[in-house]
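See below for model.cif, which holds mmCIF, C-alpha atoms.
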data_start
loop_
_atom_site.group_PDB
_atom_site.id
_atom_site.type_symbol
_atom_site.label_atom_id
_atom_site.label_comp_id
_atom_site.auth_asym_id
_atom_site.auth_seq_id
_atom_site.Cartn_x
_atom_site.Cartn_y
_atom_site.Cartn_z
ATOM 1 C CA MET L 1320 0.000 0.000 0.000
ATOM 2 C CA LYS L 1321 1.208 3.530 -0.705
ATOM 3 C CA LEU L 1322 1.788 5.872 2.229
ATOM 4 C CA SER L 1323 -0.651 8.309 0.627
ATOM 5 C CA ASP L 1324 -3.443 5.694 0.982
ATOM 6 C CA LEU L 1325 -3.287 5.501 4.790
ATOM 7 C CA LYS L 1326 -6.310 6.729 6.725
ATOM 8 C CA PRO L 1327 -6.052 9.037 9.782
ATOM 9 C CA ASN L 1328 -4.421 7.261 12.772
ATOM 10 C CA GLN L 1329 -3.548 4.244 10.625
ATOM 11 C CA LYS L 1330 0.012 2.983 11.043
ATOM 12 C CA GLY L 1331 2.341 1.317 8.622
ATOM 13 C CA ILE L 1332 5.882 -0.005 8.437
ATOM 14 C CA VAL L 1333 7.942 1.354 5.553
ATOM 15 C CA THR L 1334 8.963 -1.510 3.268
ATOM 16 C CA GLU L 1335 10.311 0.430 0.291
ATOM 17 C CA VAL L 1336 11.049 3.942 -0.963
ATOM 18 C CA VAL L 1337 10.748 4.283 -4.741
ATOM 19 C CA GLY L 1338 11.037 7.115 -7.254
ATOM 20 C CA ASN L 1339 13.867 9.129 -8.698
ATOM 21 C CA SER L 1340 17.084 9.550 -6.721
ATOM 22 C CA GLU L 1341 16.290 13.122 -5.640
ATOM 23 C CA ILE L 1342 12.944 12.161 -4.057
ATOM 24 C CA LYS L 1343 14.402 9.025 -2.471
ATOM 25 C CA ARG L 1344 17.299 10.972 -0.958
ATOM 26 C CA ARG L 1345 14.956 13.657 0.407
ATOM 27 C CA LEU L 1346 12.658 11.081 2.043
ATOM 28 C CA LEU L 1347 15.576 9.111 3.483
ATOM 29 C CA ASN L 1348 17.070 12.315 4.939
ATOM 30 C CA MET L 1349 13.762 12.995 6.684
ATOM 31 C CA GLY L 1350 13.875 9.592 8.390
ATOM 32 C CA VAL L 1351 11.510 7.710 6.083
ATOM 33 C CA VAL L 1352 13.589 4.535 5.831
ATOM 34 C CA ARG L 1353 12.763 0.844 5.546
ATOM 35 C CA GLY L 1354 11.538 -0.641 8.815
ATOM 36 C CA VAL L 1355 10.403 2.608 10.467
ATOM 37 C CA GLU L 1356 6.833 2.909 11.767
ATOM 38 C CA ILE L 1357 4.860 5.832 10.385
ATOM 39 C CA ARG L 1358 1.363 7.038 11.327
ATOM 40 C CA MET L 1359 -0.938 9.180 9.235
ATOM 41 C CA VAL L 1360 -2.118 12.083 11.392
ATOM 42 C CA ARG L 1361 -4.350 14.099 9.052
ATOM 43 C CA ASN L 1362 -4.975 15.492 5.577
ATOM 44 C CA ALA L 1363 -5.067 19.183 4.800
ATOM 45 C CA PRO L 1364 -8.527 20.452 3.764
ATOM 46 C CA LEU L 1365 -7.786 19.903 0.064
ATOM 47 C CA ARG L 1366 -6.045 16.548 0.794
ATOM 48 C CA ASP L 1367 -2.574 17.975 0.202
ATOM 49 C CA PRO L 1368 -0.227 18.007 2.100
ATOM 50 C CA ILE L 1369 -0.587 15.020 4.410
ATOM 51 C CA GLU L 1370 0.787 15.072 7.954
ATOM 52 C CA PHE L 1371 2.554 11.975 9.342
ATOM 53 C CA GLU L 1372 4.207 11.093 12.623
ATOM 54 C CA VAL L 1373 7.568 9.395 12.176
ATOM 55 C CA ARG L 1374 10.349 8.903 14.731
ATOM 56 C CA GLY L 1375 8.592 11.168 17.246
ATOM 57 C CA TYR L 1376 8.115 14.209 15.021
ATOM 58 C CA LEU L 1377 5.453 15.461 12.617
ATOM 59 C CA LEU L 1378 6.277 15.435 8.925
ATOM 60 C CA SER L 1379 4.197 16.995 6.149
ATOM 61 C CA LEU L 1380 4.531 15.504 2.679
ATOM 62 C CA ARG L 1381 2.873 16.342 -0.584
ATOM 63 C CA ARG L 1382 0.630 13.554 -1.847
ATOM 64 C CA GLU L 1383 2.957 12.921 -4.814
ATOM 65 C CA GLU L 1384 5.898 12.421 -2.418
ATOM 66 C CA ALA L 1385 3.903 10.064 -0.169
ATOM 67 C CA GLU L 1386 3.067 7.930 -3.207
ATOM 68 C CA ASN L 1387 6.767 6.997 -3.411
ATOM 69 C CA VAL L 1388 6.692 5.232 -0.045
ATOM 70 C CA ILE L 1389 5.372 1.665 0.168
ATOM 71 C CA VAL L 1390 4.126 0.539 3.603
ATOM 72 C CA GLU L 1391 2.807 -2.603 5.253
ATOM 73 C CA VAL L 1392 -0.310 -1.630 7.210
ATOM 74 C CA ARG L 1393 -0.358 -2.060 11.009
ATOM 75 C CA GLY L 1394 -3.567 -1.245 12.895
#
If you took the structure in this file and wrote it as structure tokens, what would it be?
Amino acid sequence: MKLSDLKPNQKGIVTEVVGNSEIKRRLLNMGVVRGVEIRMVRNAPLRDPIEFEVRGYLLSLRREEAENVIVEVRG
């Protein structure tokens, strides 16, 4: 499942980061790496950006960026 498909308060474990090298590097630098748990907090009113909790901090990603992260759903 893509990270962008998570519902509010749904958690997932990152299994893969895809996309071009620039996007991958940016996501990896922000702590979105394989094996990390990430929780969808909320969508902005127009569904972009999306706010996530990862490694104890809140991270806002554009929907197109979140589509590059593949997660395994947990709860």
Given the point (12.0, 6.8, 14.3) in the file's coordinates, find the residues that have an atom at most 7 Å from it, counting all atoms listed in the file, and give them as an NGL selection string. :L and (1350 or 1355-1356 or 1373-1375)
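Coordinates place atom CA of Pro1368 of chain L at a distance of 21.2 Å from atom CA of Ser1340 of chain L.
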Identify all residues satisfying the PyMOL selection byres ((chain L and resi 1334) around 9) in the given file; provide them as a PyMOL selection string. chain L and resi 1331-1333+1335-1336+1352-1355+1388-1391
Expand the PyMOL selection byres ((chain L and resi 1346) around 10) into the individual residues it matches in the shown file, reporting them as a PyMOL selection string. chain L and resi 1336-1337+1340-1345+1347-1352+1380+1384-1385+1387-1388
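The interatomic distance for the pair atom CA of Glu1383 of chain L and atom CA of Asn1328 of chain L works out to 19.9 Å.
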Distance atom CA of Pro1364 of chain L-atom CA of Lys1321 of chain L, one decimal place? 20.0 Å
Ranking L:Val1360, L:Val1392, L:Ile1369, L:Leu1378 by minimum distance to Pro1327 of chain L and counting all atoms listed in the file, which one comes first?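 Checking each candidate against Pro1327 of chain L, we get L:Val1360 as the closest.
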Applying 6 Å and only C-alpha atoms, which residues near Arg1358 of chain L remain after dropping the ones on its own chain fewer than 2 positions away? List them as a VMD selection string. chain L and resid 1328 to 1330 1371 to 1372
Padded axis-aligned box of segment 1326-1333 of chain L (4 Å per side), centre and edge lengths, Å, one decimal, as JSON:
{"center_x": 0.8, "center_y": 4.5, "center_z": 9.2, "size_x": 22.3, "size_y": 17.0, "size_z": 15.2}
Could you give me, as a PyMOL selection string, the residues within 10 Å of Arg1366 of chain L, counting all atoms listed in the file and dropping anything in the same chain fewer than 5 positions from it? chain L and resi 1323+1361+1381-1382
